[in-house]
Every structure is written in C-alpha cells, then in structure tokens.
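Input: a single structure, listed below in structure tokens.
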Amino acid sequence: MPDRLIELQRVSNAARRVATREAYTPEGWRPWRDAADEVQVAVTAHAAEAGIDRYELEMETKRIARQADEAETVS
C-alpha cells in the first residue's frame with residue numbers, strides 16, 4: 001500500500017470533517033470534493049498499474065487511513 005494513497009485519503013477525511021461542521025455550501029464542500037476526486041484518481045491509477053482490484057484497494061486505503069486518523073486522535 002503506497003503511503004501516498006493513505007496520505008491522500010487522510011487529507012480527504014480531514015476535509016470532510018471540516019466541510020460537515022457547517023451547513024452545506026458549494027464553496028465549503030469544494031476542498032472535500034477535490035480531495036476525494038484526487039483519491040479516486042490515484043487509487044484508480046495505482047490499481048491499474050499494479051493489476052489489482054480497484055474497489056479492494058480503495059476499501060483498504062480507507063481502512064488504513066481511518067485507523068491512522070483514530071490513532072492520532074487517541075495520542
């Protein structure tokens with residue numbers, strides 16, 4: 001699992017937390033949407049290069065990023 005994928009997902013997770021603190025506005029959610037799009041592009045590219053299932057890679061990336069976020073919160 002490339003560290004870059006985990007970091008991109010963690011950035012997306014953080015952007016989601018910020019975006020959902022307030023009422024929806026297109027401008028407020030743009031950073032989250034952009035970060036999520038970047039994750040999707042990177043996961044798709046890595047899966048194609050590595051010849052692995054894209055969905056499984058995405059789920060594993062999200063799981064590892066979530067665990068890292070939770071571990072950081074506990075520390």
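In the structure tokens, chains take letters A, B, ... by order of appearance, with residues numbered from 1 within each chain and ligands from 1 in the order shown.
Summary of the local environment: counting only C-alpha atoms, residues at most 8 Å from stretch 3-17 of chain A, other than itself and those fewer than 3 positions away along its chain, are A:Thr20, A:Arg21, A:Trp29, A:Pro31, A:Trp32, A:Ala35, A:Ala36, A:Glu38, A:Val39, A:Ala42, A:Val43, A:Thr61, A:Lys62, A:Ile64, A:Ala65, A:Arg66, A:Asp69.
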Go ahead and save the picked residues with N, CA, C and O atoms, as a JSON list (two decimals), in the first residue's frame.
```json
[["chain", "number", "residue", "atom", "x", "y", "z"],
["A", 20, "THR", "N", -18.31, 19.20, 6.90],
["A", 20, "THR", "CA", -19.58, 18.80, 7.51],
["A", 20, "THR", "C", -19.84, 19.47, 8.86],
["A", 20, "THR", "O", -20.88, 19.22, 9.46],
["A", 21, "ARG", "N", -18.94, 20.32, 9.30],
["A", 21, "ARG", "CA", -19.19, 21.07, 10.54],
["A", 21, "ARG", "C", -20.23, 22.16, 10.34],
["A", 21, "ARG", "O", -20.88, 22.59, 11.29],
["A", 29, "TRP", "N", -17.75, 22.91, 0.64],
["A", 29, "TRP", "CA", -17.50, 21.49, 0.38],
["A", 29, "TRP", "C", -16.51, 21.25, -0.75],
["A", 29, "TRP", "O", -16.08, 20.12, -0.97],
["A", 31, "PRO", "N", -13.24, 21.83, -1.09],
["A", 31, "PRO", "CA", -11.99, 21.15, -0.73],
["A", 31, "PRO", "C", -12.18, 19.64, -0.52],
["A", 31, "PRO", "O", -11.32, 18.84, -0.91],
["A", 32, "TRP", "N", -13.29, 19.25, 0.08],
["A", 32, "TRP", "CA", -13.56, 17.83, 0.29],
["A", 32, "TRP", "C", -13.77, 17.12, -1.05],
["A", 32, "TRP", "O", -13.20, 16.07, -1.32],
["A", 35, "ALA", "N", -10.44, 16.83, -2.84],
["A", 35, "ALA", "CA", -9.58, 15.83, -2.21],
["A", 35, "ALA", "C", -10.09, 14.42, -2.51],
["A", 35, "ALA", "O", -9.29, 13.52, -2.80],
["A", 36, "ALA", "N", -11.40, 14.23, -2.46],
["A", 36, "ALA", "CA", -11.97, 12.91, -2.75],
["A", 36, "ALA", "C", -11.72, 12.52, -4.21],
["A", 36, "ALA", "O", -11.41, 11.36, -4.51],
["A", 38, "GLU", "N", -9.17, 13.49, -6.00],
["A", 38, "GLU", "CA", -7.75, 13.16, -6.10],
["A", 38, "GLU", "C", -7.48, 11.74, -5.62],
["A", 38, "GLU", "O", -6.69, 11.01, -6.22],
["A", 39, "VAL", "N", -8.16, 11.34, -4.54],
["A", 39, "VAL", "CA", -8.02, 9.97, -4.04],
["A", 39, "VAL", "C", -8.48, 8.99, -5.11],
["A", 39, "VAL", "O", -7.79, 8.00, -5.40],
["A", 42, "ALA", "N", -5.95, 8.65, -7.94],
["A", 42, "ALA", "CA", -4.74, 7.95, -7.51],
["A", 42, "ALA", "C", -4.99, 6.46, -7.29],
["A", 42, "ALA", "O", -4.17, 5.62, -7.68],
["A", 43, "VAL", "N", -6.12, 6.12, -6.68],
["A", 43, "VAL", "CA", -6.45, 4.71, -6.45],
["A", 43, "VAL", "C", -6.65, 3.99, -7.78],
["A", 43, "VAL", "O", -6.14, 2.89, -7.99],
["A", 61, "THR", "N", -7.42, 1.25, 1.51],
["A", 61, "THR", "CA", -6.88, 2.59, 1.71],
["A", 61, "THR", "C", -7.70, 3.34, 2.75],
["A", 61, "THR", "O", -7.16, 3.94, 3.68],
["A", 62, "LYS", "N", -9.02, 3.27, 2.63],
["A", 62, "LYS", "CA", -9.90, 3.94, 3.59],
["A", 62, "LYS", "C", -9.74, 3.36, 4.99],
["A", 62, "LYS", "O", -9.71, 4.10, 5.98],
["A", 64, "ILE", "N", -7.10, 1.80, 6.35],
["A", 64, "ILE", "CA", -5.80, 2.16, 6.93],
["A", 64, "ILE", "C", -5.78, 3.64, 7.32],
["A", 64, "ILE", "O", -5.30, 4.01, 8.39],
["A", 65, "ALA", "N", -6.32, 4.49, 6.46],
["A", 65, "ALA", "CA", -6.36, 5.93, 6.75],
["A", 65, "ALA", "C", -7.22, 6.21, 7.98],
["A", 65, "ALA", "O", -6.85, 7.02, 8.84],
["A", 66, "ARG", "N", -8.35, 5.52, 8.08],
["A", 66, "ARG", "CA", -9.24, 5.71, 9.23],
["A", 66, "ARG", "C", -8.54, 5.29, 10.52],
["A", 66, "ARG", "O", -8.60, 5.98, 11.54],
["A", 69, "ASP", "N", -6.04, 7.94, 11.42],
["A", 69, "ASP", "CA", -6.73, 9.09, 11.98],
["A", 69, "ASP", "C", -7.15, 8.84, 13.42],
["A", 69, "ASP", "O", -6.99, 9.70, 14.29]]
```
| request: as number ranges by chain, list the residues of chain A assigned to alpha helix (DSSP H) by DSSP on the backbone atoms of this structure. | output: A: 3-19, 26-50, 54-74
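Between atom CA of A:Arg63 and atom CA of A:Arg30 lies a distance of 23.3 Å.
In this model, the gap between atom CA of A:Val18 and atom CA of A:Glu60 comes to 23.1 Å.
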| said: Could you check the closest approach to A:Ala45 for each of A:Gly28, A:Pro2, A:Glu72, A:Ala23 and tell me which residue wins, using only C-alpha atoms? | reply: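 Using only C-alpha atoms, A:Ala45 sits closest to A:Pro2.
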| said: So, with only C-alpha atoms as the atoms that count, which of A:Glu70, A:Arg33, A:Met1, A:Pro26 lies closest to A:Glu58? | reply: A:Met1
| request: For A:Arg54, work out the shell of residues within 6 Å, counting only C-alpha atoms and skipping chain neighbours fewer than 3 positions away, then give it as a ChimeraX atom specification. | output: /A:44,47,57
Include C-alpha atoms and write out the residues we just selected as a short mmCIF file (atom, residue, chain, number, x, y, z; two decimals), in the first residue's frame.
```
data_model
loop_
_atom_site.label_atom_id
_atom_site.label_comp_id
_atom_site.auth_asym_id
_atom_site.auth_seq_id
_atom_site.Cartn_x
_atom_site.Cartn_y
_atom_site.Cartn_z
CA THR A 44 -7.61 4.01 -10.00
CA ALA A 47 -4.82 -0.36 -9.20
CA LEU A 57 -7.61 -1.12 -2.94
#
```
